[in-house]
Each structure stands twice: as C-alpha cells, then as structure tokens.
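Dropping start-v3.cif in here (mmCIF, C-alpha atoms):
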data_my_file
#
loop_
_atom_site.label_atom_id
_atom_site.label_comp_id
_atom_site.auth_asym_id
_atom_site.auth_seq_id
_atom_site.Cartn_x
_atom_site.Cartn_y
_atom_site.Cartn_z
CA MET A 5 0.19 -15.84 2.74
CA ILE A 6 2.65 -15.92 5.62
CA TYR A 7 4.69 -12.77 6.01
CA PRO A 8 7.91 -12.61 7.97
CA LYS A 9 7.59 -11.76 11.62
CA GLU A 10 8.53 -8.23 12.64
CA ARG A 11 11.98 -9.34 13.84
CA ASP A 12 12.51 -11.29 10.65
CA THR A 13 11.42 -8.28 8.60
CA GLY A 14 14.16 -6.20 10.22
CA GLU A 15 16.71 -8.89 9.37
CA LEU A 16 15.30 -9.08 5.85
CA VAL A 17 15.70 -5.32 5.39
CA ILE A 18 19.30 -5.51 6.62
CA GLY A 19 19.98 -8.32 4.15
CA LEU A 20 18.43 -6.30 1.32
CA ARG A 21 20.46 -3.23 2.22
CA ASN A 22 23.57 -5.42 2.12
CA LYS A 23 22.44 -6.59 -1.35
CA CYS A 24 22.08 -10.21 -0.23
CA GLU A 25 20.44 -12.20 -3.01
CA GLY A 26 19.04 -14.68 -0.47
CA ALA A 27 17.19 -11.86 1.26
CA PHE A 28 15.80 -10.72 -2.07
CA SER A 29 14.64 -14.26 -2.83
CA THR A 30 12.88 -14.42 0.55
CA LEU A 31 11.30 -11.03 -0.06
CA TYR A 32 10.03 -12.13 -3.46
CA ASP A 33 8.70 -15.46 -2.18
CA ASN A 34 6.83 -13.80 0.68
CA TYR A 35 5.39 -10.74 -1.05
CA ALA A 36 5.16 -11.33 -4.82
CA PRO A 37 1.76 -13.08 -4.82
CA SER A 38 0.06 -10.28 -2.87
CA LEU A 39 1.70 -7.52 -4.89
CA LEU A 40 0.82 -9.29 -8.13
CA GLY A 41 -2.78 -9.32 -6.95
CA VAL A 42 -2.62 -5.58 -6.31
CA THR A 43 -1.18 -4.88 -9.76
CA TYR A 44 -3.70 -7.11 -11.49
CA LYS A 45 -6.64 -5.47 -9.74
CA ILE A 46 -5.35 -2.05 -10.81
CA VAL A 47 -4.36 -2.71 -14.43
CA ASN A 48 -6.61 -5.72 -15.16
CA ASN A 49 -4.04 -7.14 -17.56
CA LYS A 50 -2.02 -10.22 -16.59
CA PRO A 51 1.09 -9.64 -18.79
CA ALA A 52 1.21 -5.97 -17.77
CA SER A 53 0.76 -6.94 -14.11
CA GLU A 54 3.71 -9.34 -14.28
CA GLU A 55 5.88 -6.69 -15.93
CA ILE A 56 4.88 -4.10 -13.35
CA LEU A 57 5.63 -6.55 -10.54
CA GLN A 58 9.13 -7.01 -11.94
CA ASP A 59 9.58 -3.23 -12.00
CA VAL A 60 8.34 -3.02 -8.40
CA PHE A 61 10.94 -5.50 -7.16
CA VAL A 62 13.70 -3.71 -9.07
CA LYS A 63 12.64 -0.46 -7.39
CA VAL A 64 12.55 -2.14 -3.98
CA TRP A 65 16.07 -3.54 -4.56
CA LYS A 66 17.43 -0.17 -5.68
CA HIS A 67 15.67 1.95 -3.05
CA ILE A 68 15.58 -0.26 0.05
CA HIS A 69 17.84 2.28 1.77
CA THR A 70 14.89 4.74 1.76
CA TYR A 71 12.62 2.38 3.71
CA ASP A 72 12.16 3.46 7.33
CA ILE A 73 10.85 0.70 9.59
CA GLU A 74 9.65 3.35 12.07
CA LYS A 75 7.26 4.85 9.49
CA GLY A 76 5.41 1.69 8.55
CA SER A 77 5.56 -1.93 7.57
CA LEU A 78 7.66 -3.20 4.70
CA PHE A 79 4.53 -4.50 3.00
CA THR A 80 2.82 -1.09 3.14
CA TRP A 81 5.95 0.54 1.72
CA MET A 82 5.99 -1.97 -1.14
CA VAL A 83 2.24 -1.50 -1.80
CA ASN A 84 2.91 2.23 -2.19
CA ILE A 85 5.70 1.49 -4.67
CA THR A 86 3.32 -0.86 -6.48
CA ARG A 87 0.56 1.75 -6.69
CA ASN A 88 2.99 4.35 -7.99
CA THR A 89 4.43 1.94 -10.54
CA CYS A 90 0.91 1.18 -11.75
CA LYS A 91 0.29 4.91 -12.10
CA ASP A 92 3.51 5.16 -14.12
CA TYR A 93 2.22 2.37 -16.35
CA PHE A 94 -1.01 4.29 -16.99
CA ARG A 95 0.99 7.42 -17.80
CA SER A 96 3.27 5.57 -20.21
CA ARG A 97 3.11 6.00 -23.96
CA HIS A 98 2.36 2.32 -24.37
CA TYR A 99 -0.78 2.57 -22.28
CA HIS A 100 -1.88 5.86 -23.83
CA TYR A 101 -1.52 4.30 -27.21
CA GLU A 102 -4.01 1.61 -26.23
CA THR A 103 -6.45 3.74 -24.25
CA LEU A 104 -6.81 7.11 -22.59
CA ILE A 105 -7.03 7.62 -18.84
CA THR A 106 -7.77 10.86 -17.03
CA GLN A 107 -5.70 12.35 -14.22
CA GLU A 108 -8.77 12.02 -11.97
CA GLU A 109 -8.78 8.25 -12.57
CA LEU A 110 -5.06 8.13 -11.73
CA ASP A 111 -5.65 10.03 -8.50
CA HIS A 112 -8.16 7.44 -7.29
CA ILE A 113 -6.28 4.22 -8.08
CA PRO A 114 -4.97 3.36 -4.60
CA SER A 115 -8.17 3.08 -2.62
CA LYS A 116 -9.91 -0.10 -3.56
CA PHE A 117 -6.87 -2.06 -4.58
CA ILE A 118 -5.12 -2.51 -1.28
CA PRO A 119 -5.57 -6.14 -0.24
CA LEU A 120 -8.35 -6.50 2.30
CA THR A 121 -6.65 -9.32 4.14
CA THR A 122 -3.10 -9.84 5.19
CA ASN A 123 -1.34 -12.20 7.54
CA HIS A 124 1.06 -10.34 9.80
CA LYS A 125 2.63 -11.84 12.88
CA GLU A 126 0.91 -15.06 11.81
CA ILE A 127 -2.50 -13.62 12.75
CA SER A 128 -5.11 -13.17 10.06
CA ILE A 129 -6.48 -9.65 9.94
CA ASP A 130 -9.55 -8.67 7.99
CA LEU A 131 -9.08 -4.94 7.50
CA GLU A 132 -12.53 -4.49 6.06
CA LEU A 133 -14.05 -5.97 9.22
CA LEU A 134 -11.88 -3.75 11.42
CA MET A 135 -12.88 -0.68 9.43
CA GLN A 136 -16.58 -1.52 9.90
CA LYS A 137 -16.08 -1.24 13.65
CA LEU A 138 -14.94 2.39 13.34
CA ASP A 139 -17.24 5.33 13.86
CA PRO A 140 -18.20 6.62 10.37
CA LYS A 141 -16.48 9.97 11.05
CA LEU A 142 -13.23 8.16 11.82
CA LYS A 143 -13.65 5.72 8.93
CA ASP A 144 -13.99 8.60 6.45
CA ILE A 145 -10.70 10.09 7.65
CA VAL A 146 -8.90 6.72 7.47
CA ASP A 147 -10.26 6.06 3.99
CA LEU A 148 -9.16 9.42 2.66
CA VAL A 149 -5.74 9.59 4.35
CA TYR A 150 -4.54 6.00 4.44
CA ILE A 151 -6.43 4.38 1.59
CA TYR A 152 -6.87 7.16 -0.98
CA GLY A 153 -3.58 8.87 -0.11
CA TYR A 154 -4.89 12.37 0.55
CA SER A 155 -2.90 14.66 2.81
CA GLN A 156 -4.57 15.81 6.00
CA VAL A 157 -4.82 19.31 4.53
CA GLN A 158 -6.63 17.92 1.47
CA VAL A 159 -8.99 15.95 3.73
CA SER A 160 -9.65 19.10 5.73
CA GLU A 161 -10.63 20.92 2.55
CA LYS A 162 -12.61 18.01 1.11
CA LEU A 163 -14.66 17.40 4.28
CA GLN A 164 -14.74 21.10 5.22
CA LEU A 165 -13.33 20.38 8.67
CA PRO A 166 -10.64 22.23 10.61
CA LEU A 167 -7.18 20.70 10.11
CA GLY A 168 -6.90 20.06 13.85
CA THR A 169 -10.11 18.01 13.76
CA VAL A 170 -8.77 15.92 10.90
CA LYS A 171 -5.52 15.28 12.78
CA THR A 172 -7.36 14.42 16.00
CA ARG A 173 -9.73 12.03 14.23
CA SER A 174 -6.87 10.43 12.32
CA ASN A 175 -5.00 9.74 15.56
CA ALA A 176 -8.17 8.54 17.28
CA ALA A 177 -8.91 6.17 14.38
CA LEU A 178 -5.42 4.65 14.53
CA LYS A 179 -5.67 4.18 18.29
CA ARG A 180 -9.09 2.58 17.90
CA LEU A 181 -7.85 0.23 15.15
CA ARG A 182 -4.88 -0.79 17.32
CA TYR A 183 -7.25 -1.48 20.20
CA ILE A 184 -9.67 -3.49 18.04
CA TYR A 185 -6.75 -5.44 16.58
CA THR A 186 -5.40 -6.44 20.00
CA ILE A 187 -8.70 -7.70 21.43
#
Let me see whether you can do it: turn the structure in this file into structure tokens.
Amino acid sequence: MIYPKERDTGELVIGLRNKCEGAFSTLYDNYAPSLLGVTYKIVNNKPASEEILQDVFVKVWKHIHTYDIEKGSLFTWMVNITRNTCKDYFRSRHYHYETLITQEELDHIPSKFIPLTTNHKEISIDLELLMQKLDPKLKDIVDLVYIYGYSQVQVSEKLQLPLGTVKTRSNAALKRLRYIYTI
C-alpha cells in the first residue's frame, strides 16, 4: 500500500475540505484497502465490513474539517473513525439482534486491530518490530495509551503509577520510537 507523501496528504486534505471529488477518489484509492482490513478484523463479517467502510468514508467526507494535521496523521485519524464506527455497529440493534456483546468487549476493540504495517513516506515500517525494541515499561504505556485508547489518567490508575510518571514514559516512548524509526 502506498500512502500519499506528507506534502501530498496536506494537499489531499485541502481538496477534501473544498469538497473536491477527485481528492475523495484519491483518498479512497489510497486508504480503503487498509481500512477494510481493519473493519474486517474487528467485525469478522465481510458484508458488514464493506458497509462500515462506506460509513467511514461518509464520516470522513462530512467531518474532514475536524482533522488537525498537527495532532496526527490522516491515516491514524481515519483508523480512529473506523474503530468508532465498528463500535457503533456492535451497539446497533441489528447486531444485538444477532448476538450480544458486552461493554467490556467494546472497550477493548481498538488494540489488536490496528494494522501492524504501513507504508508512509514510501518507507515500510513494521510497528510490531519497533515496539519490540522498546523497554517493557515504555511499551506498556504505548500499548495502553496509543493502542487501547486509555487516557493517561486511566493508565496511571491501571498501572498504579503517578500521573507524572505515565506522562514522562509516554513522551520517552515516543522519542525512542522516533529515534528507532530514523535509524
């Protein structure tokens, strides 16, 4: 999967905000396969995954003005929308009619379903390999905050660590991952 370069992503976002159909087509062509994989791994149902993917792209189109390039990559933003849309699917009457799912199961959806590999800036990154290079204390923080979606306060409570320690380790982990990525 080849994702747009950072500069191209900025231009893509501008096109989407201007409601340019060509930009939307480019967005879909570049990101749909990965997001479909995320939805399928979460819901394990191909027709439902395709329907959810359609909902995701409608949400992206309608809410692109809320995306902030300074806060993270476009792909990460769309993965979050995808995870939330999958959660909505599980909460829906249709799904509850077929099966029951607990709130605890909903709370733990995001972690293992984020793609382990991505191609950004035309360089292949294996996130799992990068994560293995982190100190276990840092890896636990990254997993809980960035993979599972816990707040730093929740991580502090869960790991019984001071909030300052969680924040320090979170920042240290990100710096370490950036360093590992650049070497």
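Proximity to Lys66 (chain A) was assessed for A:Arg180, A:Lys50, A:Lys23, A:Lys162 counting only C-alpha atoms; the smallest distance is recorded for A:Lys23.
Atom pair CA of Leu133 (chain A) / CA of Thr43 (chain A) has a distance of 23.0 Å (rounded to one decimal).
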Selected by the PyMOL selection byres ((chain A and resi 157-161) around 10) in the shown coordinates: which residues, as a VMD selection string?
-> chain A and resid 144 to 149 153 to 156 162 to 171
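You will find CA of Leu20 (chain A) at 23.5 Å from CA of Ser53 (chain A).
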Run the PyMOL selection byres ((chain A and resi 73) around 12) mentally over the shown coordinates, then write out the matched residues as a ChimeraX atom specification, using the chain letters and numbers from the document.
-> /A:10-11,13-18,68-72,74-81
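With all atoms listed in the file as the atoms that count, the residue of A:Asp12, A:Gly19, A:Arg87, A:Trp65 with the shortest distance to Gly41 (chain A) is A:Arg87.
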Just so the selection is clear, what residues does the PyMOL selection byres ((chain A and resi 54) around 10) cover here, as a ChimeraX atom specification?
-> /A:36,39-41,43-44,49-53,55-60
Residue nearest Leu134 (chain A) - candidates A:Ile184, A:Ile46, A:Val64, A:Ala27, atoms counted: only C-alpha atoms | A:Ile184
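Going from CA of Val83 (chain A) over to CA of Lys143 (chain A), you cover 20.5 Å.
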